[in-house]
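Everything below concerns the one structure shown next.
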Amino acid sequence: MSLETNKAFAAILTAGVVFMVAGFVGETIIHPKRLEKTAITIEGVGETPGAAPADAGPQIEEITPLLAAANVDTGRQVAGRLCSACHTFEQGGANKVGPNLYGVVGNHHAHLDNFNYSPAMKGLSDKPWDYEALNHFLAAPARAIRGTRMAFAGIRDTQQRADVVAYLRTLAAE
């Protein structure tokens with residue numbers, strides 16, 4: 001073994017010791033204070049289950065009056081653009097990151113046996129996906145169902161949500 005190899009090992013060891021001592025000294029000198037609440041809040045992210053929300057959030061406009069004039073083709077386009085990366089829509093379609101959405105309207109939450117839903121979604125399995133439940137979920141999934149695994153910001157436009165719900169309503173065996 002040459003002297004150059006020993007020098008390389010010694011340099012690595014010395015650097016490790018120096019970083020370890022610097023970390024210890026830094027922790028000893030500086031005592032960080034934990035904040036009581038986060039300085040920057042992102043809606044629906046980093047909230048602990050059971051914690052009271054700071055505010056209830058914006059009110060979501062009902063879509064029931066808009067469903068009569070909702071455009072199914074627009075809903076299909078919006079769903080294809082925003083939802084098809086994670087969901088399929090055809091009968092018997094495979095699950096992706098999210099479950100197949102065929103027959104979801106009127107069905108209960110966590111309606112597919114072959115999909116691993118979050119505990120929060122499974123906890124609502126006795127409730128149906130009615131129009132307003134879908135409206136609230138599509139507006140802001142993380143706010144509508146705390147603890148959902150769906151990482152989607154939501155659809156802000158009320159008419160687009162109505163169009164998507166109208167499209168989802170057509171996905172059922174007659």
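Chain identifiers are assigned as A, B, and so on, following the order in which chains appear in the structure tokens; residues are numbered from 1 within each chain, and ligands are numbered from 1 in order of appearance.
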Filtered DSSP result for stretch 41-128 of chain A, state helix (DSSP H, G or I), as a PyMOL selection string: chain A and resi 64-69+72-82+119-122
Counting only C-alpha atoms, closest pick from A:Arg146, A:Arg76, A:Arg81, A:His87 relative to A:Asp163 is A:Arg76
Fewer than 4 positions away in the same chain doesn't count, so skip those; otherwise give me all residues within 12 Å of A:Pro119, counting only C-alpha atoms, as a list of chain:residue names.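 With the cut-off at 12 Å, the set is A:Pro49, A:His109, A:Ala110, A:Gly123, A:Leu124, A:Ser125, A:Ile145, A:Arg146, A:Gly147, A:Thr148, A:Arg149.
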Saved selection, atoms kept: C-alpha atoms, as a PDB file, in the first residue's frame:
```pdb
ATOM      1  CA  PRO A  49     -55.337  14.669  11.399  1.00  0.00           C
ATOM      2  CA  HIS A 109     -67.092   6.110  -1.447  1.00  0.00           C
ATOM      3  CA  ALA A 110     -64.343   3.471  -1.861  1.00  0.00           C
ATOM      4  CA  GLY A 123     -64.008   5.574   6.527  1.00  0.00           C
ATOM      5  CA  LEU A 124     -66.608   7.176   4.253  1.00  0.00           C
ATOM      6  CA  SER A 125     -67.556   3.952   2.451  1.00  0.00           C
ATOM      7  CA  ILE A 145     -61.613  14.441   2.684  1.00  0.00           C
ATOM      8  CA  ARG A 146     -58.766  14.997   5.132  1.00  0.00           C
ATOM      9  CA  GLY A 147     -56.207  12.255   4.663  1.00  0.00           C
ATOM     10  CA  THR A 148     -57.043  11.356   1.076  1.00  0.00           C
ATOM     11  CA  ARG A 149     -54.149  10.111  -1.031  1.00  0.00           C
TER      12      ARG A 149
END
```
Identify, on the basis of only C-alpha atoms, every residue whose closest approach to A:Phe89 does not exceed 9 Å; exclude the query and any residue fewer than 5 positions from it along the same chain; express the result as a compact mmCIF listing (two decimals) with N, CA and C atoms, in the first residue's frame.
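Everything below was put into around34.txt:
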```
# COMPACT_ATOMS: atom_id res chain seq x y z
N SER A 84 -57.25 11.78 -16.51
CA SER A 84 -56.90 10.52 -17.18
C SER A 84 -55.48 10.03 -16.88
N ALA A 94 -58.95 -0.78 -16.01
CA ALA A 94 -57.96 -1.05 -14.97
C ALA A 94 -57.80 0.17 -14.07
N ASN A 100 -60.69 3.22 -11.09
CA ASN A 100 -61.54 3.40 -12.26
C ASN A 100 -62.79 4.14 -11.81
N LEU A 101 -63.24 5.11 -12.60
CA LEU A 101 -64.36 5.96 -12.20
C LEU A 101 -65.69 5.59 -12.85
N TYR A 102 -65.74 4.46 -13.53
CA TYR A 102 -66.99 4.05 -14.15
C TYR A 102 -68.00 3.72 -13.05
N GLY A 103 -69.16 4.31 -13.11
CA GLY A 103 -70.22 4.04 -12.15
C GLY A 103 -70.00 4.68 -10.79
N LEU A 168 -69.34 12.20 -15.62
CA LEU A 168 -69.26 11.01 -14.76
C LEU A 168 -70.62 10.35 -14.57
N LEU A 171 -71.39 7.70 -17.07
CA LEU A 171 -70.59 6.48 -17.01
C LEU A 171 -71.23 5.46 -16.07
```
Quick one: pull the distance between atom CA of A:Ala162 and atom CA of A:Thr64, Å, one decimal.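 Computing it gives 7.8 Å between the two atoms.
For A:Asp73, the residues within 9 Å (counting only C-alpha atoms, excluding itself and residues fewer than 2 positions away along the chain) are Asn71, Gly75, Arg76, Gln77, Val78, Asp163, Val164 and Tyr167 of chain A.
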Take the residues that were just selected and, keeping C-alpha atoms, output them as a PDB file, in the first residue's frame.
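Below is the file that was written, out_38.pdb:
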```pdb
ATOM      1  CA  ASN A  71     -72.035  20.025 -21.168  1.00  0.00           C
ATOM      2  CA  GLY A  75     -66.783  17.373 -19.006  1.00  0.00           C
ATOM      3  CA  ARG A  76     -65.241  14.517 -21.004  1.00  0.00           C
ATOM      4  CA  GLN A  77     -62.523  16.849 -22.295  1.00  0.00           C
ATOM      5  CA  VAL A  78     -61.770  18.294 -18.845  1.00  0.00           C
ATOM      6  CA  ASP A 163     -69.491  19.452 -16.606  1.00  0.00           C
ATOM      7  CA  VAL A 164     -67.198  16.761 -15.152  1.00  0.00           C
ATOM      8  CA  TYR A 167     -69.817  13.361 -17.690  1.00  0.00           C
TER       9      TYR A 167
END
```
Atomic distance atom CA of A:Ile29 - atom CA of A:Ala10, expressed in Å with one decimal: 28.2 Å
If we count only C-alpha atoms and set the cut-off at 10 Å, which residues sit around A:Arg156, ignoring sequence neighbours fewer than 3 positions away in its own chain? Please answer as a ChimeraX atom specification. /A:60,138-140,153,159-161
Selection from above, C-alpha atoms, as an mmCIF file, in the first residue's frame, can you write it?
```
data_model
loop_
_atom_site.group_PDB
_atom_site.id
_atom_site.type_symbol
_atom_site.label_atom_id
_atom_site.label_comp_id
_atom_site.auth_asym_id
_atom_site.auth_seq_id
_atom_site.Cartn_x
_atom_site.Cartn_y
_atom_site.Cartn_z
ATOM 1 C CA ILE A 60 -67.956 26.082 -2.560
ATOM 2 C CA LEU A 138 -63.396 17.910 -7.178
ATOM 3 C CA ALA A 139 -63.041 21.468 -5.877
ATOM 4 C CA ALA A 140 -60.354 20.520 -3.330
ATOM 5 C CA ALA A 153 -55.247 20.693 -6.346
ATOM 6 C CA GLN A 159 -69.098 25.157 -14.357
ATOM 7 C CA GLN A 160 -66.193 22.849 -15.215
ATOM 8 C CA ARG A 161 -66.913 20.810 -12.076
#
```
Could you check the closest approach to A:Pro65 for each of A:Val17, A:Phe137, A:Ala172, A:Glu132 and tell me which residue wins, using only C-alpha atoms? A:Glu132
Pairwise distance for atom CA of A:Asn107 and atom CA of A:Pro128, rounded to one decimal in Å: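 About the pair atom CA of A:Asn107 and atom CA of A:Pro128: they are 5.3 Å apart.
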Extract, using only C-alpha atoms, all DNA, RNA and protein residues at most 9 Å from A:Val165, discarding same-chain residues fewer than 6 positions from it, and format them as a ChimeraX atom specification. /A:63,67,70,72,75,105,131,134-135,138
